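File shown here: data-v5.csv, holding CSV, C-alpha atoms and all ligand atoms.
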```csv
chain,number,residue,atom,x,y,z
A,1,MET,CA,6.9,-23.0,-7.8
A,2,PHE,CA,10.1,-23.6,-9.9
A,3,LEU,CA,13.2,-25.0,-8.1
A,4,SER,CA,16.4,-23.1,-7.5
A,5,ALA,CA,19.7,-24.9,-8.3
A,6,ASP,CA,20.3,-25.6,-4.6
A,7,GLU,CA,16.8,-27.1,-4.1
A,8,ALA,CA,17.3,-29.1,-7.4
A,9,ALA,CA,20.6,-30.6,-6.2
A,10,GLU,CA,19.1,-31.5,-2.8
A,11,LEU,CA,16.1,-33.3,-4.4
A,12,LEU,CA,18.4,-35.2,-6.7
A,13,ILE,CA,20.6,-36.3,-3.9
A,14,GLN,CA,17.5,-37.6,-2.1
A,15,GLY,CA,16.7,-39.7,-5.2
A,16,MET,CA,14.0,-37.5,-6.7
A,17,VAL,CA,13.3,-37.0,-10.3
A,18,ILE,CA,13.1,-33.4,-11.6
A,19,ALA,CA,13.0,-31.6,-15.0
A,20,VAL,CA,16.1,-29.5,-15.8
A,21,PRO,CA,17.0,-27.2,-18.6
A,22,THR,CA,19.8,-27.8,-21.1
A,23,GLU,CA,20.7,-25.9,-24.2
A,24,THR,CA,19.2,-28.6,-26.4
A,25,VAL,CA,15.9,-29.7,-24.8
A,26,TYR,CA,14.7,-30.1,-21.2
A,27,GLY,CA,15.8,-33.3,-19.5
A,28,LEU,CA,14.1,-35.5,-17.0
A,29,ALA,CA,16.9,-35.8,-14.4
A,30,ALA,CA,17.9,-38.2,-11.7
A,31,ILE,CA,21.3,-39.1,-10.2
A,32,ALA,CA,22.5,-41.8,-12.6
A,33,THR,CA,23.9,-44.0,-9.8
A,34,ILE,CA,20.7,-44.3,-7.8
A,35,PRO,CA,18.8,-47.3,-9.3
A,36,SER,CA,15.4,-46.4,-7.8
A,37,ALA,CA,15.6,-42.8,-9.1
A,38,VAL,CA,16.7,-44.1,-12.6
A,39,ALA,CA,13.8,-46.6,-12.5
A,40,ARG,CA,11.4,-43.7,-11.8
A,41,ILE,CA,12.6,-41.9,-15.0
A,42,PHE,CA,11.5,-44.9,-17.0
A,43,ASP,CA,8.2,-45.0,-15.2
A,44,ILE,CA,7.4,-41.3,-15.5
A,45,LYS,CA,8.3,-41.2,-19.3
A,46,LYS,CA,6.7,-44.6,-20.0
A,47,ARG,CA,10.1,-45.3,-21.6
A,48,PRO,CA,10.8,-48.9,-22.9
A,49,ALA,CA,13.1,-50.6,-20.4
A,50,ASP,CA,15.8,-51.3,-23.0
A,51,ASN,CA,16.3,-47.6,-24.1
A,52,PRO,CA,19.3,-46.3,-22.2
A,53,LEU,CA,19.7,-42.7,-20.8
A,54,ILE,CA,22.2,-40.1,-21.7
A,55,CYS,CA,24.4,-39.1,-18.7
A,56,HIS,CA,25.3,-35.5,-18.1
A,57,PHE,CA,28.7,-34.5,-16.5
A,58,HIS,CA,30.2,-31.2,-15.5
A,59,SER,CA,33.7,-31.8,-16.9
A,60,ILE,CA,35.9,-34.1,-18.9
A,61,ASP,CA,37.6,-35.1,-15.6
A,62,GLN,CA,34.3,-36.2,-14.2
A,63,ILE,CA,33.6,-38.3,-17.3
A,64,LYS,CA,37.1,-39.8,-16.9
A,65,ALA,CA,36.3,-41.0,-13.4
A,66,TYR,CA,33.6,-43.3,-14.8
A,67,VAL,CA,34.8,-44.7,-18.1
A,68,THR,CA,37.6,-47.1,-19.0
A,69,GLN,CA,39.4,-44.5,-21.1
A,70,ILE,CA,38.6,-41.6,-23.4
A,71,PRO,CA,39.9,-42.6,-26.9
A,72,SER,CA,42.0,-39.9,-28.7
A,73,ALA,CA,39.4,-38.8,-31.3
A,74,THR,CA,36.7,-38.6,-28.6
A,75,GLU,CA,39.0,-36.5,-26.4
A,76,LYS,CA,39.8,-34.1,-29.2
A,77,LEU,CA,36.1,-33.6,-30.1
A,78,LEU,CA,35.1,-33.5,-26.4
A,79,ARG,CA,37.6,-30.8,-25.7
A,80,HIS,CA,36.5,-28.7,-28.7
A,81,PHE,CA,32.7,-29.1,-28.5
A,82,SER,CA,32.1,-29.3,-24.8
A,83,PRO,CA,30.2,-27.9,-23.0
A,84,GLY,CA,27.9,-28.2,-25.9
A,85,PRO,CA,25.2,-30.1,-27.9
A,86,VAL,CA,27.3,-33.2,-28.7
A,87,SER,CA,27.1,-36.4,-26.8
A,88,PHE,CA,29.8,-39.1,-27.0
A,89,MET,CA,29.6,-42.9,-26.7
A,90,VAL,CA,32.3,-44.2,-24.4
A,91,ASP,CA,33.1,-47.6,-22.8
A,92,LEU,CA,32.4,-48.4,-19.2
A,93,PRO,CA,34.2,-50.8,-16.8
A,94,ALA,CA,32.4,-54.1,-16.1
A,95,ASP,CA,31.3,-53.0,-12.6
A,96,SER,CA,30.2,-49.4,-13.5
A,97,PRO,CA,27.5,-47.8,-11.3
A,98,LEU,CA,26.2,-46.2,-14.5
A,99,LYS,CA,24.8,-49.5,-15.8
A,100,PHE,CA,21.3,-48.8,-14.4
A,101,ALA,CA,21.2,-45.8,-16.6
A,102,THR,CA,22.6,-47.6,-19.6
A,103,CYS,CA,20.2,-50.6,-19.3
A,104,GLY,CA,23.2,-52.9,-18.7
A,105,SER,CA,25.1,-51.7,-21.8
A,106,ASP,CA,28.9,-51.5,-21.6
A,107,GLN,CA,28.8,-48.0,-23.2
A,108,VAL,CA,27.5,-44.8,-21.9
A,109,VAL,CA,26.5,-41.8,-23.9
A,110,ALA,CA,28.0,-38.8,-22.1
A,111,ARG,CA,27.6,-35.1,-22.5
A,112,ILE,CA,28.6,-31.8,-20.8
A,113,PRO,CA,25.6,-29.5,-21.3
A,114,ASP,CA,26.2,-25.9,-22.1
A,115,HIS,CA,23.8,-24.5,-19.5
A,116,GLU,CA,25.2,-22.7,-16.4
A,117,LEU,CA,22.2,-23.6,-14.2
A,118,LEU,CA,22.5,-27.3,-15.0
A,119,LEU,CA,26.2,-27.4,-14.7
A,120,SER,CA,26.0,-25.9,-11.2
A,121,ILE,CA,23.4,-28.5,-10.3
A,122,ILE,CA,25.7,-31.4,-11.5
A,123,LYS,CA,28.6,-29.9,-9.5
A,124,LYS,CA,26.5,-29.5,-6.3
A,125,ALA,CA,25.1,-33.1,-6.7
A,126,ASP,CA,28.7,-34.2,-7.4
A,127,GLN,CA,27.3,-37.2,-9.4
A,128,PRO,CA,26.5,-37.8,-13.1
A,129,ILE,CA,22.9,-37.0,-14.0
A,130,ALA,CA,20.9,-39.3,-16.2
A,131,ALA,CA,18.5,-37.3,-18.2
A,132,PRO,CA,16.5,-38.3,-21.3
A,133,SER,CA,14.3,-35.6,-22.9
A,134,ALA,CA,11.6,-34.6,-20.5
A,135,ASN,CA,8.6,-35.8,-22.5
A,136,THR,CA,6.3,-38.8,-22.4
A,137,SER,CA,8.0,-41.4,-24.7
A,138,GLY,CA,6.9,-40.7,-28.3
A,139,LYS,CA,6.0,-37.1,-27.8
A,140,VAL,CA,7.8,-34.0,-28.9
A,141,SER,CA,10.8,-33.0,-26.7
A,142,PRO,CA,10.1,-29.9,-24.5
A,143,THR,CA,12.1,-26.7,-25.1
A,144,SER,CA,10.6,-24.7,-22.3
A,145,ALA,CA,9.5,-25.2,-18.6
A,146,GLU,CA,5.9,-24.6,-19.7
A,147,MET,CA,6.1,-27.5,-22.2
A,148,VAL,CA,7.4,-29.8,-19.5
A,149,GLN,CA,4.7,-28.6,-17.1
A,150,ARG,CA,2.0,-29.5,-19.7
A,151,ASP,CA,3.2,-33.0,-20.3
A,152,LEU,CA,4.7,-34.2,-17.0
A,153,GLY,CA,3.9,-31.4,-14.5
A,154,ASN,CA,2.0,-33.7,-12.1
A,155,LYS,CA,4.5,-36.6,-12.3
A,156,VAL,CA,7.8,-35.0,-11.5
A,157,ASP,CA,9.2,-33.8,-8.1
A,158,GLY,CA,9.9,-30.4,-9.5
A,159,ILE,CA,11.0,-28.3,-12.4
A,160,VAL,CA,14.0,-26.0,-12.8
A,161,ASP,CA,13.1,-23.1,-15.2
A,162,GLY,CA,16.1,-22.3,-17.2
A,163,CYS,CA,14.2,-20.3,-19.9
A,164,LYS,CA,13.8,-21.5,-23.5
A,165,CYS,CA,16.4,-23.9,-24.8
A,166,SER,CA,18.9,-21.9,-26.9
A,167,ILE,CA,19.2,-24.7,-29.5
A,168,GLY,CA,15.9,-26.5,-29.4
A,169,LEU,CA,16.9,-29.9,-31.0
A,170,GLU,CA,18.4,-32.9,-29.2
A,171,SER,CA,22.2,-33.3,-29.1
A,172,THR,CA,24.2,-34.9,-31.8
A,173,ILE,CA,25.3,-38.4,-30.7
A,174,VAL,CA,28.7,-39.4,-31.8
A,175,ASP,CA,30.6,-42.7,-31.5
A,176,ALA,CA,34.3,-41.6,-31.9
A,177,ARG,CA,35.8,-44.6,-30.2
A,178,ASN,CA,37.6,-45.7,-33.3
A,179,ASP,CA,40.0,-43.3,-35.0
A,180,ASP,CA,39.4,-44.6,-38.5
A,181,GLU,CA,35.7,-44.1,-38.8
A,182,ILE,CA,33.4,-42.0,-36.6
A,183,TYR,CA,29.7,-42.6,-36.5
A,184,ILE,CA,27.0,-40.0,-36.1
A,185,LEU,CA,24.3,-41.9,-34.3
A,186,ARG,CA,21.8,-39.0,-34.1
A,187,GLN,CA,22.0,-35.8,-36.0
A,188,GLY,CA,21.9,-32.4,-34.3
A,189,ALA,CA,22.9,-28.8,-34.6
A,190,ILE,CA,26.6,-29.8,-34.8
A,191,GLY,CA,27.2,-32.4,-37.5
A,192,ALA,CA,29.8,-34.0,-39.7
A,193,GLN,CA,30.8,-30.7,-41.2
A,194,GLU,CA,31.8,-29.2,-37.9
A,195,LEU,CA,33.3,-32.4,-36.4
A,196,GLN,CA,35.3,-33.1,-39.6
A,197,TYR,CA,37.0,-29.7,-39.2
A,198,MET,CA,38.7,-31.0,-36.1
A,199,LEU,CA,39.6,-34.4,-37.7
A,200,PRO,CA,40.0,-33.8,-41.4
A,201,GLN,CA,41.5,-37.2,-42.1
A,202,THR,CA,38.7,-39.2,-40.5
A,203,LYS,CA,35.7,-40.7,-42.2
A,204,PHE,CA,32.4,-39.7,-40.8
A,205,THR,CA,29.3,-41.9,-41.3
A,206,VAL,CA,25.8,-40.9,-40.5
A,207,ILE,CA,24.0,-44.0,-39.2
A,208,SER,CA,20.6,-44.7,-40.8
A,209,GLU,CA,17.8,-46.6,-39.2
A,210,SER,CA,18.6,-49.8,-41.0
A,211,SER,CA,22.2,-49.9,-39.8
A,212,LYS,CA,23.3,-52.5,-37.3
A,213,ASN,CA,24.7,-50.0,-34.9
A,214,VAL,CA,21.6,-47.9,-34.7
A,215,ILE,CA,20.9,-46.6,-31.2
A,216,PRO,CA,17.9,-48.1,-29.3
A,217,GLY,CA,15.9,-44.8,-29.4
A,218,MET,CA,15.7,-45.0,-33.2
A,219,LYS,CA,13.5,-48.1,-33.0
A,220,TYR,CA,10.7,-46.4,-31.2
A,221,ARG,CA,8.0,-44.1,-32.3
A,222,HIS,CA,9.5,-40.6,-32.3
A,223,TYR,CA,8.7,-37.0,-31.6
A,224,ALA,CA,5.1,-36.7,-32.6
A,225,PRO,CA,2.3,-34.6,-31.2
A,226,ASP,CA,-1.1,-36.2,-30.6
A,227,THR,CA,-2.4,-34.5,-33.7
A,228,LEU,CA,-1.8,-36.3,-37.0
A,229,ILE,CA,1.0,-34.6,-38.9
A,230,LYS,CA,0.9,-35.1,-42.7
A,231,LEU,CA,3.9,-34.1,-44.8
A,232,ILE,CA,2.5,-32.8,-48.1
A,233,GLU,CA,4.3,-31.8,-51.3
A,234,ASP,CA,1.6,-29.4,-52.6
A,235,ILE,CA,-0.7,-26.9,-50.9
A,236,LYS,CA,-3.6,-28.5,-52.9
A,237,GLU,CA,-3.4,-31.5,-50.5
A,238,VAL,CA,-4.6,-29.4,-47.5
A,239,SER,CA,-8.1,-30.1,-46.4
A,240,GLY,CA,-10.3,-27.9,-44.2
A,241,ASN,CA,-10.6,-27.5,-40.4
A,242,SER,CA,-6.9,-28.3,-39.9
A,243,ALA,CA,-3.6,-26.6,-39.2
A,244,LEU,CA,-0.9,-25.8,-41.7
A,245,LEU,CA,2.8,-25.7,-40.7
A,246,ILE,CA,4.7,-23.6,-43.2
A,247,THR,CA,8.0,-21.7,-43.4
A,248,GLN,CA,8.1,-18.0,-44.0
A,249,GLU,CA,9.3,-18.7,-47.5
A,250,GLY,CA,6.6,-21.3,-48.2
A,251,PHE,CA,4.0,-18.9,-47.1
A,252,GLY,CA,5.5,-16.1,-49.3
A,253,LYS,CA,4.9,-18.3,-52.3
A,254,LEU,CA,1.2,-18.7,-51.7
A,255,SER,CA,-1.1,-16.6,-53.9
A,256,ILE,CA,-3.6,-14.3,-52.3
A,257,GLU,CA,-6.3,-16.6,-53.7
A,258,TRP,CA,-4.9,-19.5,-51.8
A,259,ILE,CA,-4.5,-17.5,-48.6
A,260,ILE,CA,-8.2,-16.6,-48.8
A,261,LYS,CA,-9.2,-20.2,-49.6
A,262,LEU,CA,-7.3,-21.5,-46.6
A,263,SER,CA,-8.9,-19.0,-44.3
A,264,GLU,CA,-12.4,-19.8,-45.6
A,265,ALA,CA,-11.7,-23.5,-45.1
A,266,ASN,CA,-10.8,-22.8,-41.5
A,267,VAL,CA,-7.1,-23.8,-41.9
A,268,GLN,CA,-5.1,-22.3,-39.0
A,269,ILE,CA,-1.6,-21.3,-40.3
A,270,ILE,CA,1.4,-21.8,-38.0
A,271,LYS,CA,4.5,-20.0,-39.4
A,272,LEU,CA,7.7,-21.8,-38.6
A,273,GLY,CA,10.1,-19.0,-39.2
A,274,SER,CA,12.5,-18.3,-42.0
A,275,LEU,CA,15.1,-20.6,-43.7
A,276,GLU,CA,17.3,-17.6,-43.7
A,277,ASN,CA,17.6,-18.0,-39.9
A,278,LEU,CA,17.6,-21.7,-39.2
A,279,TYR,CA,18.8,-21.2,-35.7
A,280,GLU,CA,15.7,-19.3,-34.8
A,281,LEU,CA,13.5,-21.7,-36.7
A,282,ALA,CA,15.1,-24.7,-34.9
A,283,ASN,CA,14.8,-23.0,-31.6
A,284,LYS,CA,11.0,-22.6,-31.9
A,285,PHE,CA,10.4,-25.8,-33.9
A,286,TYR,CA,9.2,-28.3,-31.2
A,287,GLU,CA,7.2,-25.6,-29.5
A,288,LYS,CA,5.3,-24.8,-32.8
A,289,ILE,CA,4.9,-28.5,-33.7
A,290,SER,CA,3.4,-29.3,-30.3
A,291,SER,CA,1.2,-26.2,-30.4
A,292,VAL,CA,-1.0,-28.0,-32.9
A,293,ASP,CA,-2.3,-30.1,-30.0
A,294,LEU,CA,-3.9,-26.9,-28.5
A,295,LEU,CA,-5.8,-26.0,-31.7
A,296,ASN,CA,-8.5,-28.7,-31.6
A,297,VAL,CA,-7.9,-30.0,-35.1
A,298,SER,CA,-7.4,-33.6,-36.1
A,299,THR,CA,-4.8,-33.0,-38.8
A,300,ALA,CA,-1.9,-30.6,-39.2
A,301,PHE,CA,-0.3,-30.4,-42.7
A,302,PHE,CA,3.4,-29.7,-43.1
A,303,LEU,CA,4.3,-28.3,-46.5
A,304,ARG,CA,7.6,-30.0,-47.4
A,305,THR,CA,10.6,-27.8,-47.3
A,306,GLU,CA,14.2,-28.4,-48.1
A,307,PHE,CA,16.1,-27.2,-45.0
A,308,GLY,CA,19.5,-27.3,-46.8
A,309,ASN,CA,22.8,-28.9,-46.3
A,310,SER,CA,24.0,-27.4,-43.1
A,311,SER,CA,24.2,-29.7,-40.1
A,312,LEU,CA,21.2,-27.9,-38.5
A,313,GLY,CA,19.3,-28.1,-41.8
A,314,LYS,CA,19.9,-31.9,-41.9
A,315,ALA,CA,18.9,-32.3,-38.3
A,316,LEU,CA,15.6,-30.5,-38.9
A,317,GLN,CA,14.9,-32.6,-42.0
A,318,ASP,CA,15.6,-35.7,-40.0
A,319,ARG,CA,13.1,-34.6,-37.2
A,320,ILE,CA,10.3,-33.6,-39.6
A,321,GLU,CA,10.5,-36.9,-41.5
A,322,LYS,CA,10.3,-38.7,-38.1
A,323,ILE,CA,7.4,-36.6,-36.9
A,324,ALA,CA,5.5,-37.3,-40.1
A,325,SER,CA,6.3,-41.0,-40.2
A,326,ALA,CA,5.3,-41.5,-36.6
A,327,SER,CA,1.8,-40.0,-37.2
B,1,LIG,O1,20.0,-33.2,-26.1
B,1,LIG,C1,19.9,-34.3,-25.6
B,1,LIG,O2,20.7,-35.3,-25.8
B,1,LIG,C2,18.8,-34.4,-24.5
B,1,LIG,C3,19.2,-33.6,-23.3
B,1,LIG,C4,18.2,-33.7,-22.2
B,1,LIG,O3,20.5,-33.8,-22.9
B,1,LIG,N1,18.6,-35.8,-24.1
B,1,LIG,C5,18.1,-36.7,-25.0
B,1,LIG,O4,17.9,-38.0,-24.4
B,1,LIG,O5,17.7,-36.4,-26.1
B,1,LIG,P1,16.9,-39.1,-25.0
B,1,LIG,O6,16.9,-40.2,-24.0
B,1,LIG,O7,15.6,-38.5,-25.3
B,1,LIG,O8,17.7,-39.6,-26.3
B,1,LIG,C6,18.9,-40.3,-26.1
B,1,LIG,C7,19.1,-41.2,-27.2
B,1,LIG,C8,18.1,-42.4,-27.3
B,1,LIG,O9,17.9,-42.6,-28.7
B,1,LIG,C9,18.9,-43.6,-26.7
B,1,LIG,O10,18.5,-44.8,-27.3
B,1,LIG,C10,20.3,-43.2,-27.0
B,1,LIG,O11,20.4,-41.8,-27.0
B,1,LIG,N2,21.3,-43.7,-26.0
B,1,LIG,C11,21.5,-43.2,-24.8
B,1,LIG,N3,22.4,-43.9,-24.1
B,1,LIG,C12,22.8,-44.9,-25.0
B,1,LIG,C13,23.8,-45.9,-24.9
B,1,LIG,N4,24.4,-46.2,-23.8
B,1,LIG,N5,23.9,-46.7,-26.0
B,1,LIG,C14,23.2,-46.5,-27.1
B,1,LIG,N6,22.3,-45.5,-27.3
B,1,LIG,C15,22.1,-44.7,-26.2
B,2,MG,MG,13.9,-38.2,-26.3
```
Now that the file is in, can you turn its structure into structure tokens?
Amino acid sequence: MFLSADEAAELLIQGMVIAVPTETVYGLAAIATIPSAVARIFDIKKRPADNPLICHFHSIDQIKAYVTQIPSATEKLLRHFSPGPVSFMVDLPADSPLKFATCGSDQVVARIPDHELLLSIIKKADQPIAAPSANTSGKVSPTSAEMVQRDLGNKVDGIVDGCKCSIGLESTIVDARNDDEIYILRQGAIGAQELQYMLPQTKFTVISESSKNVIPGMKYRHYAPDTLIKLIEDIKEVSGNSALLITQEGFGKLSIEWIIKLSEANVQIIKLGSLENLYELANKFYEKISSVDLLNVSTAFFLRTEFGNSSLGKALQDRIEKIASAS
């Protein structure tokens, strides 16, 4: 039922839309230069028509064939962090065939995914692959083939099962076109700390939602399951017949009395993993968040946690704030 790499490349060349694995989240893929295929991505996802798609390439040389130039800071970061979970904004020539995927924008956000199966599909298709996250707009990004199946299974032309995504959060998006100041347009597992290491003299700025160079995707409702997710500061705010999302450490701090009280009030506890192992926590994060929709509860409480100052911690903090504000 799942597609092989050969079948996937063949379907893409025919203009079909399929779900593919990456190391970050699953993508809803079509060849970026086939307008009808790109249009179907928007249709399947119910994505607003002005929200451009990230394009996936198999190599820096392939990116170079499509863009005006790769600026020096971009090239340095691309060489170090690709294949990997960092996407780069680059300029397109006026007559670029990627403009269907970029919704007419003169920039494309390009990335080389660190996933062998997908890289082999891009090589076989011999074209850039446009692929936003493989979820209905506004829902949580899928990190397994099963999650894609549940949300979009009857709308896509096939799914490639590449196991669970190793990272589990969307890629970092970087605008490093200017050597003086580099913008982080979306936070991810690799952040300013790691990027700065390669360019110690450069200023890195994380763009907030109120900035003028915010990416279109930030304007829209984000990453929320159907169930209402409420971010709470104190366990006393939990009401009955609900779910509680809590870290290992948060759970460890609950008294026996509270654990009994929650169980008597029919509160289903979903443990998110430990802050000691943020990689594992991030890796299962979207799966756990979206699992609340299977519990038949109207509200899930998320006991506020500080995920810390690492890039991954900041990316997790960013996602949970968005999930809660979208609910
Ligand atoms: O990890 C990822 O990046 C995943 C996997 C599948 O590669 N893709 C992904 O795509 O998260 P998507 O479409 O869900 O998020 C892409 C974000 C959106 O907020 C979009 O507005 C922004 O990137 N974006 C894409 N192309 C852009 C462009 N040309 N200019 C400005 N923003 C762009
Ligand atoms: Mg998305």
- For each of A:Pro85, A:Pro128, A:Gly217, A:Gly191, take the minimum atom-to-atom distance to ligand LIG 1 (chain B), counting all atoms listed in the file, then give the residue where this is smallest. A:Gly217
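With all atoms listed in the file as the atoms that count, the minimum distance from ligand LIG 1 (chain B) to the choices A:Ala282, A:Cys103, A:Leu77, A:Ala37 is reached by A:Cys103.
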- Query: Which residues form the shell of 9 Å around ligand MG 2 (chain B) when you count all atoms listed in the file, given as a count of residues only?
  - Reply: 16
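With all atoms listed in the file counted, the chains near ligand LIG 1 (chain B) contribute these residues within 6 Å: Thr24, Val25, Tyr26, Gly27, Asn51, Pro52, Leu53, Ile54, Thr102, Ser105, Gln107, Val108, Val109, Ala131, Pro132, Ser133, Glu170, Ser171, Ile215, Pro216, Gly217 and Met218 of chain A.
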How would the residues just chosen look if you wrote them out with C-alpha atoms as a PDB file, in the coordinates of the input?
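Everything below was put into again.pdb:
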```pdb
ATOM      1  CA  THR A  24      19.200 -28.600 -26.400  1.00  0.00           C
ATOM      2  CA  VAL A  25      15.900 -29.700 -24.800  1.00  0.00           C
ATOM      3  CA  TYR A  26      14.700 -30.100 -21.200  1.00  0.00           C
ATOM      4  CA  GLY A  27      15.800 -33.300 -19.500  1.00  0.00           C
ATOM      5  CA  ASN A  51      16.300 -47.600 -24.100  1.00  0.00           C
ATOM      6  CA  PRO A  52      19.300 -46.300 -22.200  1.00  0.00           C
ATOM      7  CA  LEU A  53      19.700 -42.700 -20.800  1.00  0.00           C
ATOM      8  CA  ILE A  54      22.200 -40.100 -21.700  1.00  0.00           C
ATOM      9  CA  THR A 102      22.600 -47.600 -19.600  1.00  0.00           C
ATOM     10  CA  SER A 105      25.100 -51.700 -21.800  1.00  0.00           C
ATOM     11  CA  GLN A 107      28.800 -48.000 -23.200  1.00  0.00           C
ATOM     12  CA  VAL A 108      27.500 -44.800 -21.900  1.00  0.00           C
ATOM     13  CA  VAL A 109      26.500 -41.800 -23.900  1.00  0.00           C
ATOM     14  CA  ALA A 131      18.500 -37.300 -18.200  1.00  0.00           C
ATOM     15  CA  PRO A 132      16.500 -38.300 -21.300  1.00  0.00           C
ATOM     16  CA  SER A 133      14.300 -35.600 -22.900  1.00  0.00           C
ATOM     17  CA  GLU A 170      18.400 -32.900 -29.200  1.00  0.00           C
ATOM     18  CA  SER A 171      22.200 -33.300 -29.100  1.00  0.00           C
ATOM     19  CA  ILE A 215      20.900 -46.600 -31.200  1.00  0.00           C
ATOM     20  CA  PRO A 216      17.900 -48.100 -29.300  1.00  0.00           C
ATOM     21  CA  GLY A 217      15.900 -44.800 -29.400  1.00  0.00           C
ATOM     22  CA  MET A 218      15.700 -45.000 -33.200  1.00  0.00           C
TER      23      MET A 218
END
```
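Closest approach to Glu10 in chain A from the set A:His56, A:His115, A:Lys124, A:Arg40 is made by A:Lys124, with distances taken over all atoms listed in the file.
Shortest separation to Thr33 in chain A among A:Phe302, A:Phe285, A:Phe100, A:Phe204 occurs at residue A:Phe100, atoms counted being all atoms listed in the file.
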- Message: Report, in Å to a single decimal, how far apart CA of Ile320 in chain A and CA of Ile289 in chain A are.
- Response: 9.5 Å
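Proximity to Ile173 in chain A was assessed for A:Ser208, A:Asn213, A:Ser87, A:Gln127 counting all atoms listed in the file; the smallest distance is recorded for A:Ser87.
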- Task: Give as a PyMOL selection string every residue, naming chains and numbers as the document does, that has an atom within 9 Å of (11.1, -24.9, -48.8), counting all atoms listed in the file.
- Result: chain A and resi 246-250+275+303-308
